[in-house]
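Pasted below: run_31.cif, mmCIF, C-alpha atoms.
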```cif
data_run
#
loop_
_atom_site.label_atom_id
_atom_site.label_comp_id
_atom_site.auth_asym_id
_atom_site.auth_seq_id
_atom_site.Cartn_x
_atom_site.Cartn_y
_atom_site.Cartn_z
CA MET D 243 20.15 -3.21 3.69
CA ALA D 244 22.30 -5.34 6.01
CA ALA D 245 19.34 -5.74 8.36
CA GLN D 246 17.15 -6.77 5.43
CA VAL D 247 19.67 -9.40 4.36
CA MET D 248 19.92 -10.75 7.90
CA GLY D 249 16.13 -10.88 8.10
CA CYS D 250 15.95 -13.00 4.96
CA VAL D 251 18.71 -15.25 6.24
CA LYS D 252 16.97 -15.85 9.56
CA ALA D 253 13.44 -16.16 8.26
CA GLY D 254 14.16 -18.32 5.23
CA LYS D 255 11.34 -18.91 2.72
CA LYS D 256 8.14 -20.92 2.52
CA ALA D 257 7.73 -24.30 0.86
CA GLY D 258 9.36 -24.45 -2.57
CA MET D 259 11.90 -21.75 -1.81
CA ILE D 260 15.43 -21.77 -0.41
CA PRO D 261 15.46 -22.95 3.24
CA THR D 262 17.15 -21.03 6.04
CA ILE D 263 20.90 -20.62 5.66
CA LYS D 264 23.51 -19.51 8.13
CA ALA D 265 25.27 -16.31 7.07
CA PRO D 266 28.12 -14.28 8.58
CA ASN D 267 27.56 -11.58 11.14
CA VAL D 268 26.06 -8.15 10.46
CA SER D 269 29.45 -6.39 10.53
CA PHE D 270 30.54 -8.41 7.50
CA LEU D 271 27.33 -7.58 5.64
CA ARG D 272 27.74 -3.88 6.37
CA GLY D 273 31.17 -3.98 4.77
CA LEU D 274 29.73 -5.04 1.42
CA ALA D 275 29.05 -2.70 -1.47
CA PRO D 276 25.37 -1.78 -2.03
CA GLU D 277 25.12 -3.86 -5.22
CA ASP D 278 26.61 -6.86 -3.38
CA GLU D 279 24.05 -6.48 -0.57
CA VAL D 280 21.23 -6.43 -3.11
CA LEU D 281 22.60 -9.51 -4.87
CA LEU D 282 23.11 -11.42 -1.61
CA ASN D 283 19.57 -10.61 -0.51
CA ARG D 284 18.29 -11.91 -3.83
CA LEU D 285 20.39 -15.09 -3.76
CA ILE D 286 19.29 -16.12 -0.28
CA SER D 287 15.62 -15.18 -0.71
CA GLU D 288 14.85 -16.55 -4.18
CA ARG D 289 14.83 -20.08 -5.47
CA SER D 290 18.20 -21.02 -6.93
CA ASP D 291 17.54 -23.16 -10.00
CA PHE D 292 19.87 -24.28 -12.75
CA VAL D 293 19.73 -26.57 -15.78
CA GLU D 294 21.82 -29.68 -15.14
CA HIS D 295 24.37 -30.86 -17.69
CA PRO D 296 26.32 -34.16 -17.68
CA ASP D 297 29.65 -32.35 -18.16
CA PHE D 298 29.29 -30.39 -14.89
CA GLU D 299 30.92 -33.24 -12.96
CA HIS D 300 34.12 -33.08 -15.01
CA SER D 301 36.90 -31.39 -13.07
CA PRO D 302 38.51 -29.44 -15.94
CA LEU D 303 35.17 -27.94 -17.05
CA GLU D 304 35.58 -24.78 -14.99
CA ARG D 305 38.88 -24.01 -16.64
CA GLN D 306 37.39 -24.70 -20.08
CA LEU D 307 34.43 -22.41 -19.48
CA PHE D 308 36.11 -19.48 -17.73
CA GLY D 309 39.74 -19.87 -18.73
CA ALA D 310 41.01 -20.51 -15.21
CA VAL D 311 39.99 -21.87 -11.84
CA ALA D 312 37.88 -19.38 -9.86
CA ARG D 313 40.10 -17.09 -7.76
CA LEU D 314 39.05 -13.85 -6.10
CA VAL D 315 40.70 -10.61 -7.19
CA ASN D 316 41.85 -10.11 -3.59
CA ARG D 317 40.96 -11.38 -0.13
CA LYS D 318 38.06 -8.95 0.35
CA ALA D 319 36.80 -8.89 -3.24
CA THR D 320 33.46 -10.24 -4.44
CA ARG D 321 34.59 -10.81 -8.03
CA PHE D 322 36.71 -13.46 -9.65
CA ILE D 323 39.71 -12.75 -11.84
CA GLU D 324 38.23 -12.92 -15.34
CA THR D 325 40.09 -13.96 -18.44
CA PRO D 326 39.25 -12.22 -21.74
CA ASP D 327 36.18 -13.66 -23.46
CA ALA D 328 35.50 -12.77 -27.09
CA ILE D 329 31.71 -12.97 -26.89
CA THR D 330 31.37 -10.96 -23.68
CA ASP D 331 33.80 -8.31 -24.89
CA ALA D 332 31.98 -8.06 -28.22
CA VAL D 333 28.63 -7.53 -26.50
CA LYS D 334 30.08 -4.82 -24.25
CA THR D 335 31.80 -2.89 -27.03
CA ARG D 336 29.70 -3.34 -30.17
CA GLU D 337 26.37 -1.74 -30.90
CA ARG D 338 25.24 -4.70 -33.04
CA PRO D 339 25.61 -8.04 -31.23
CA PRO D 340 27.48 -10.79 -33.09
CA ALA D 341 25.72 -13.87 -34.48
CA LEU D 342 26.66 -16.99 -32.50
CA THR D 343 27.31 -20.45 -33.77
CA TYR D 344 25.72 -23.43 -32.07
CA ALA D 345 28.98 -24.17 -30.21
CA GLN D 346 29.39 -20.57 -29.00
CA GLU D 347 25.78 -20.44 -27.82
CA GLY D 348 26.17 -23.71 -25.94
CA HIS D 349 29.39 -22.43 -24.35
CA ILE D 350 27.77 -19.31 -22.90
CA PHE D 351 24.74 -21.24 -21.64
CA MET D 352 27.11 -23.69 -19.98
CA ARG D 353 28.84 -20.75 -18.27
CA TYR D 354 25.49 -19.41 -17.09
CA ASN D 355 24.17 -22.69 -15.68
CA TYR D 356 27.51 -23.71 -14.20
CA ALA D 357 27.63 -20.41 -12.27
CA ARG D 358 24.06 -20.95 -11.06
CA ARG D 359 24.98 -24.50 -10.02
CA ARG D 360 27.88 -23.24 -7.92
CA VAL D 361 25.54 -20.72 -6.27
CA ALA D 362 23.09 -23.52 -5.45
CA LEU D 363 25.87 -25.69 -3.98
CA LEU D 364 27.08 -22.86 -1.74
CA LEU D 365 23.55 -22.18 -0.55
CA GLU D 366 23.09 -25.86 0.18
CA ALA D 367 26.31 -25.81 2.22
CA GLY D 368 24.96 -22.83 4.14
CA ARG D 369 22.08 -24.95 5.41
CA ARG D 370 24.41 -27.23 7.34
CA ARG D 371 26.89 -24.78 8.81
CA LYS D 372 27.54 -21.08 9.00
CA LEU D 373 29.04 -19.67 5.83
CA SER D 374 32.46 -18.14 6.24
CA SER D 375 33.31 -14.73 4.83
CA THR D 376 35.26 -16.35 2.02
CA GLN D 377 32.33 -18.57 1.12
CA VAL D 378 29.97 -15.62 0.97
CA ARG D 379 32.43 -13.76 -1.25
CA HIS D 380 32.57 -16.80 -3.55
CA LEU D 381 28.77 -16.93 -3.49
CA LEU D 382 28.61 -13.31 -4.62
CA ALA D 383 31.31 -13.83 -7.24
CA TRP D 384 29.46 -16.77 -8.78
CA GLY D 385 26.27 -14.75 -8.63
CA HIS D 386 27.93 -11.93 -10.54
CA ARG D 387 29.20 -14.43 -13.13
CA ALA D 388 25.68 -15.77 -13.61
CA LEU D 389 24.28 -12.25 -14.02
CA THR D 390 26.97 -11.37 -16.54
CA ALA D 391 26.29 -14.48 -18.61
CA ARG D 392 22.55 -13.87 -18.52
CA SER D 393 22.94 -10.24 -19.61
CA VAL D 394 25.10 -11.34 -22.53
CA ILE D 395 22.51 -13.92 -23.63
CA VAL D 396 19.66 -11.43 -23.34
CA ARG D 397 21.60 -8.73 -25.17
CA LEU D 398 22.34 -11.11 -28.01
CA ASN D 399 18.71 -12.19 -28.39
CA MET D 400 16.78 -8.97 -27.80
CA PRO D 401 16.56 -8.30 -31.57
CA LEU D 402 14.61 -11.56 -31.76
CA VAL D 403 11.81 -10.04 -29.65
CA LEU D 404 11.65 -6.98 -31.90
CA ALA D 405 11.52 -9.12 -35.05
CA MET D 406 8.75 -11.33 -33.65
CA ALA D 407 6.72 -8.31 -32.53
CA LYS D 408 6.93 -6.77 -36.01
CA ARG D 409 5.75 -10.01 -37.63
CA THR D 410 2.81 -10.38 -35.23
CA LYS D 411 -0.40 -8.84 -36.63
CA LEU D 412 -2.14 -7.54 -33.50
CA SER D 413 -3.43 -4.11 -34.40
CA ASN D 414 -5.40 -3.64 -31.16
CA ILE D 415 -2.32 -4.20 -28.95
CA ASP D 416 0.15 -1.47 -28.13
CA PHE D 417 3.54 -2.26 -29.69
CA ASN D 418 5.42 -1.31 -26.51
CA GLU D 419 3.30 -3.76 -24.53
CA LEU D 420 4.23 -6.52 -26.97
CA ILE D 421 7.91 -5.70 -26.58
CA SER D 422 7.60 -5.74 -22.80
CA GLU D 423 5.87 -9.12 -22.74
CA GLY D 424 8.36 -10.50 -25.24
CA ASN D 425 11.31 -9.40 -23.12
CA MET D 426 9.82 -11.10 -20.06
CA ALA D 427 9.30 -14.29 -22.07
CA LEU D 428 12.91 -14.08 -23.25
CA LEU D 429 14.15 -13.86 -19.66
CA ARG D 430 12.08 -16.88 -18.66
CA SER D 431 13.41 -18.80 -21.66
CA VAL D 432 16.99 -18.08 -20.64
CA GLU D 433 16.27 -19.54 -17.20
CA LYS D 434 14.85 -22.81 -18.56
CA PHE D 435 16.79 -23.49 -21.79
CA ASP D 436 18.74 -26.75 -21.90
CA CYS D 437 21.57 -26.51 -24.43
CA SER D 438 22.33 -30.25 -24.15
CA ARG D 439 19.21 -31.15 -26.15
CA GLY D 440 20.86 -30.03 -29.38
CA PHE D 441 18.58 -27.12 -30.35
CA LYS D 442 19.31 -23.47 -30.95
CA PHE D 443 18.07 -21.06 -28.32
CA SER D 444 16.11 -19.08 -30.91
CA THR D 445 14.02 -22.19 -31.68
CA TYR D 446 13.05 -22.50 -28.03
CA SER D 447 12.58 -18.80 -27.25
CA CYS D 448 10.53 -17.95 -30.37
CA ARG D 449 7.74 -20.26 -29.25
CA ALA D 450 7.79 -18.78 -25.74
CA ILE D 451 7.69 -15.24 -27.14
CA LEU D 452 4.75 -16.06 -29.43
CA LYS D 453 2.88 -17.61 -26.50
CA SER D 454 3.42 -14.43 -24.49
CA PHE D 455 1.97 -12.42 -27.39
CA SER D 456 -1.09 -14.67 -27.43
CA ARG D 457 -1.54 -14.11 -23.69
CA VAL D 458 -1.46 -10.35 -24.27
CA ALA D 459 -4.10 -10.71 -26.98
CA MET D 460 -6.32 -12.79 -24.66
CA ARG D 461 -6.05 -10.22 -21.88
CA ALA D 462 -6.87 -7.44 -24.33
CA SER D 463 -9.92 -9.29 -25.62
CA ARG D 464 -11.19 -9.89 -22.07
CA TYR D 465 -10.65 -6.23 -21.28
CA ARG D 466 -12.54 -5.20 -24.43
CA GLY D 467 -15.40 -7.46 -23.45
CA THR D 468 -15.64 -5.82 -20.03
CA PHE D 469 -14.77 -2.26 -21.07
CA PRO D 470 -15.81 -1.78 -24.70
CA THR D 471 -14.87 1.93 -24.74
CA GLU D 472 -11.43 3.49 -24.69
CA PHE D 473 -9.85 4.05 -21.32
CA ASP D 474 -10.45 7.60 -20.08
CA PRO D 475 -8.63 8.52 -16.83
CA ALA D 476 -11.09 11.36 -16.21
CA MET D 477 -13.94 8.85 -16.03
CA GLU D 478 -12.09 6.74 -13.46
CA ARG D 479 -11.86 9.58 -10.96
CA SER D 480 -14.74 10.06 -8.54
CA ASP D 481 -15.83 13.66 -7.93
CA PHE D 482 -17.77 12.79 -4.77
CA VAL D 483 -15.28 14.46 -2.42
CA ASP D 484 -15.05 17.58 -4.57
CA SER D 485 -18.84 17.87 -4.84
CA GLN D 486 -19.23 17.42 -1.09
CA ARG D 487 -16.62 20.09 -0.43
CA LYS D 488 -18.32 22.47 -2.86
CA CYS D 489 -21.71 21.96 -1.23
CA ARG D 490 -20.28 22.63 2.22
CA GLU D 491 -18.52 25.75 0.98
CA GLU D 492 -21.78 27.04 -0.50
CA ASP D 493 -23.59 26.33 2.78
CA CYS D 494 -20.91 28.23 4.71
CA VAL D 495 -21.13 31.20 2.35
CA ASP D 496 -24.90 31.36 2.73
CA GLU D 497 -24.54 31.12 6.50
CA VAL D 498 -21.98 33.94 6.60
CA LYS D 499 -24.21 36.14 4.46
CA GLU D 500 -27.12 35.52 6.81
CA ILE D 501 -24.98 36.36 9.84
CA PHE D 502 -23.85 39.58 8.21
CA LEU D 503 -27.24 40.71 6.85
CA HIS D 504 -29.00 40.13 10.18
CA ASN D 505 -25.96 41.33 12.19
CA LEU D 506 -26.01 38.19 14.31
CA ALA D 507 -22.35 38.77 15.20
CA CYS D 508 -23.14 42.17 16.79
CA LEU D 509 -20.90 44.16 14.44
CA SER D 510 -20.59 47.91 14.87
CA ALA D 511 -21.64 50.29 12.10
CA VAL D 512 -18.01 50.84 11.09
CA GLU D 513 -17.33 47.09 11.00
CA GLN D 514 -20.43 46.51 8.88
CA THR D 515 -19.27 49.18 6.44
CA VAL D 516 -15.78 47.73 6.18
CA ILE D 517 -17.02 44.16 5.57
CA SER D 518 -19.68 45.33 3.11
CA GLU D 519 -17.23 47.40 1.04
CA ARG D 520 -14.31 44.98 1.22
CA PHE D 521 -16.30 41.91 0.10
CA ALA D 522 -18.99 43.63 -2.03
CA LEU D 523 -21.91 42.51 0.15
CA GLY D 524 -23.96 45.65 -0.38
CA ALA D 525 -27.14 45.93 -2.47
CA PRO D 526 -26.84 46.68 -6.21
CA THR D 527 -26.98 50.40 -7.15
CA GLU D 528 -28.44 51.55 -10.45
CA GLY D 529 -28.37 48.03 -11.80
CA PHE D 530 -24.65 47.51 -11.12
CA MET D 531 -23.33 44.90 -8.73
CA PRO D 532 -20.94 46.22 -6.09
CA GLN D 533 -17.23 45.51 -6.55
CA PRO D 534 -14.75 44.62 -3.78
CA LYS D 535 -12.63 47.59 -2.69
CA THR D 536 -9.04 47.74 -1.49
CA LEU D 537 -8.06 48.65 2.06
CA GLU D 538 -7.02 52.09 0.91
CA GLN D 539 -10.35 52.74 -0.87
CA VAL D 540 -12.31 51.67 2.22
CA GLY D 541 -10.07 53.92 4.33
CA HIS D 542 -11.06 56.92 2.23
CA ILE D 543 -14.75 56.09 2.78
CA ILE D 544 -14.58 55.88 6.61
CA GLY D 545 -11.69 58.36 7.00
CA VAL D 546 -8.94 56.13 8.47
CA THR D 547 -5.68 54.62 7.27
CA LYS D 548 -5.58 51.29 5.45
CA GLU D 549 -3.79 49.70 8.41
CA ARG D 550 -6.67 50.68 10.67
CA VAL D 551 -9.07 49.24 8.07
CA ARG D 552 -7.19 45.93 8.25
CA GLN D 553 -7.52 45.86 12.02
CA ILE D 554 -11.26 46.59 11.87
CA GLN D 555 -11.72 43.92 9.18
CA ASN D 556 -9.84 41.24 11.17
CA ASN D 557 -11.83 42.01 14.32
CA ALA D 558 -15.14 41.82 12.42
CA LEU D 559 -14.18 38.54 10.73
CA LYS D 560 -13.27 37.08 14.10
CA LYS D 561 -16.73 37.91 15.44
CA ILE D 562 -18.38 36.36 12.38
CA ARG D 563 -16.23 33.21 12.70
CA VAL D 564 -17.16 32.74 16.36
CA THR D 565 -20.84 33.16 15.58
CA LEU D 566 -20.61 30.72 12.67
CA GLU D 567 -18.95 28.07 14.82
CA ASP D 568 -21.55 28.51 17.56
CA ARG D 569 -24.38 28.06 15.07
CA PHE D 570 -22.82 24.88 13.64
CA LEU D 571 -22.27 23.45 17.12
CA ALA D 572 -25.85 24.26 18.06
CA ALA D 573 -27.10 22.54 14.91
#
```

Output the file's structure as structure tokens, nothing else.
Amino acid sequence: MAAQVMGCVKAGKKAGMIPTIKAPNVSFLRGLAPEDEVLLNRLISERSDFVEHPDFEHSPLERQLFGAVARLVNRKATRFIETPDAITDAVKTRERPPALTYAQEGHIFMRYNYARRRVALLLEAGRRRKLSSTQVRHLLAWGHRALTARSVIVRLNMPLVLAMAKRTKLSNIDFNELISEGNMALLRSVEKFDCSRGFKFSTYSCRAILKSFSRVAMRASRYRGTFPTEFDPAMERSDFVDSQRKCREEDCVDEVKEIFLHNLACLSAVEQTVISERFALGAPTEGFMPQPKTLEQVGHIIGVTKERVRQIQNNALKKIRVTLEDRFLAA
């Protein structure tokens, strides 16, 4: 993972994405926890956007939002010391999320976008000079704060997706697909919502969720127009390879029978008897088809042990195999 992170740092991204930044050495990256490596890779490889707010320039805002100025738990930590937050604690401990007032909702969105803004500022600083270990740890800590705030917002508003899906009358759409599309729309709404405009988040996200449902319906209608029948996985699988294999097996069986019946492999009389009795290749008697016999039964017929029958059988099969290969090569 450390090599992957370093690759993203060195390569940067194409137009519209985060430019190349200078990160610490590989030994520092290898000392990070796996979840921190994943987060760092994501932060430096994806576009870091945030919704601007006029209060972000006020110096005491960080203390108002998080209860204290950002300070790492210890020198090598990638988390800040967090003060108790009623909303976050309620989401983590209660099965039913609490209903937020407009002020509480704005507060948590401010926390989310402020954390994303600090991530963007640190990434911008990394373009000009190599980030120190402390700066990378602050980058990760702010990234974790942004993820925590986003998970709280999503957890609080997931019932909204379920309620909208139940109200939507789309009988030809799978309900689980609606929920999936609604959740994705909810995540996109969280990324773009501006709490400074004075609206509730539910007002903004409901429209986005309904638009995602309409997109699902349009895709379903296009699919129905192209494939008017129900999807059948068995019809999607081609049996060409199986049919080709079956035809070749039948050809090989016919070839082996011809080699045996005309004794093209120069089998002895005992070998012919063993092969004929073991694999039921003899002619029908009294209207009954011959049945394959065991090694012991064949041994009683030719008067040898079953181990000797096995040896005779293997030697005869080897002769037949060599003859079969020669005939195929000649063809």

> Which residue, D:Phe270, D:Phe298, D:Phe351, D:Phe530, has the smallest gap to Lys442 (chain D) when you use all atoms listed in the file?
Replying inline: D:Phe351

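Nearest residue to Ser438 (chain D), choosing from D:Met531, D:Ala345, D:Ala310, D:Ala332 and counting only C-alpha atoms: D:Ala345.
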
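The space separating CA of Val280 (chain D) from CA of Leu382 (chain D) comes to 10.2 Å.
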
> What's the 10 Å shell around Thr325 (chain D), counting all atoms listed in the file, without same-chain residues fewer than 2 positions away, as a PyMOL selection string?
Replying inline: chain D and resi 308-310+322-323+327-328

>> Taking the file as I've supplied it (selection: the PyMOL selection byres ((chain D and resi 509-521) around 12)), which residues are included? Please answer as a ChimeraX atom specification.
In response: /D:495,498-499,501-508,522-526,531-546,548,550-562,565

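Every protein or nucleic acid residue with an atom no more than 10 Å from Val432 (chain D), counting all atoms listed in the file and leaving out same-chain residues fewer than 5 positions away, appears here: D:Phe351, D:Tyr354, D:Asn355, D:Arg392, D:Ser393, D:Ile395, D:Val396, D:Asn399, D:Ala427, D:Phe443, D:Tyr446, D:Ser447.
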
> Near Arg353 (chain D), within 6 Å and counting only C-alpha atoms, which residues show up once chain neighbours fewer than 3 positions away are dropped, as a list in words?
Replying inline: Leu307, Ile350 and Tyr356 of chain D

>> Need to verify the contact set: Met352 (chain D), 12 Å, only C-alpha atoms, exclusion of same-chain residues closer than 6 positions in sequence. Can you return it as a ChimeraX atom specification?
In response: /D:292-298,303-304,306-308,345-346,358-359,387-388,391-392,395,432-433,435-438

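The nearest approach to Lys318 (chain D) among the residues D:Ser301, D:Ser375, D:Asn418, D:Ser485, with all atoms listed in the file taken into account, belongs to D:Ser375.
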
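Considering the residues D:Leu420, D:Ile329, D:Ala405, D:Ala383 and counting only C-alpha atoms, Val315 (chain D) has its shortest atom-to-atom contact with D:Ala383.
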
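Distance annotation: of D:Arg490, D:Thr410, D:Ala362, D:Asp481, the residue with the minimal separation from Phe455 (chain D) is D:Thr410; atom set is all atoms listed in the file.
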
> If you measure from CA of Leu402 (chain D) to CA of Ser456 (chain D), what distance in Å do you get, rounded to one decimal?
Replying inline: 16.6 Å
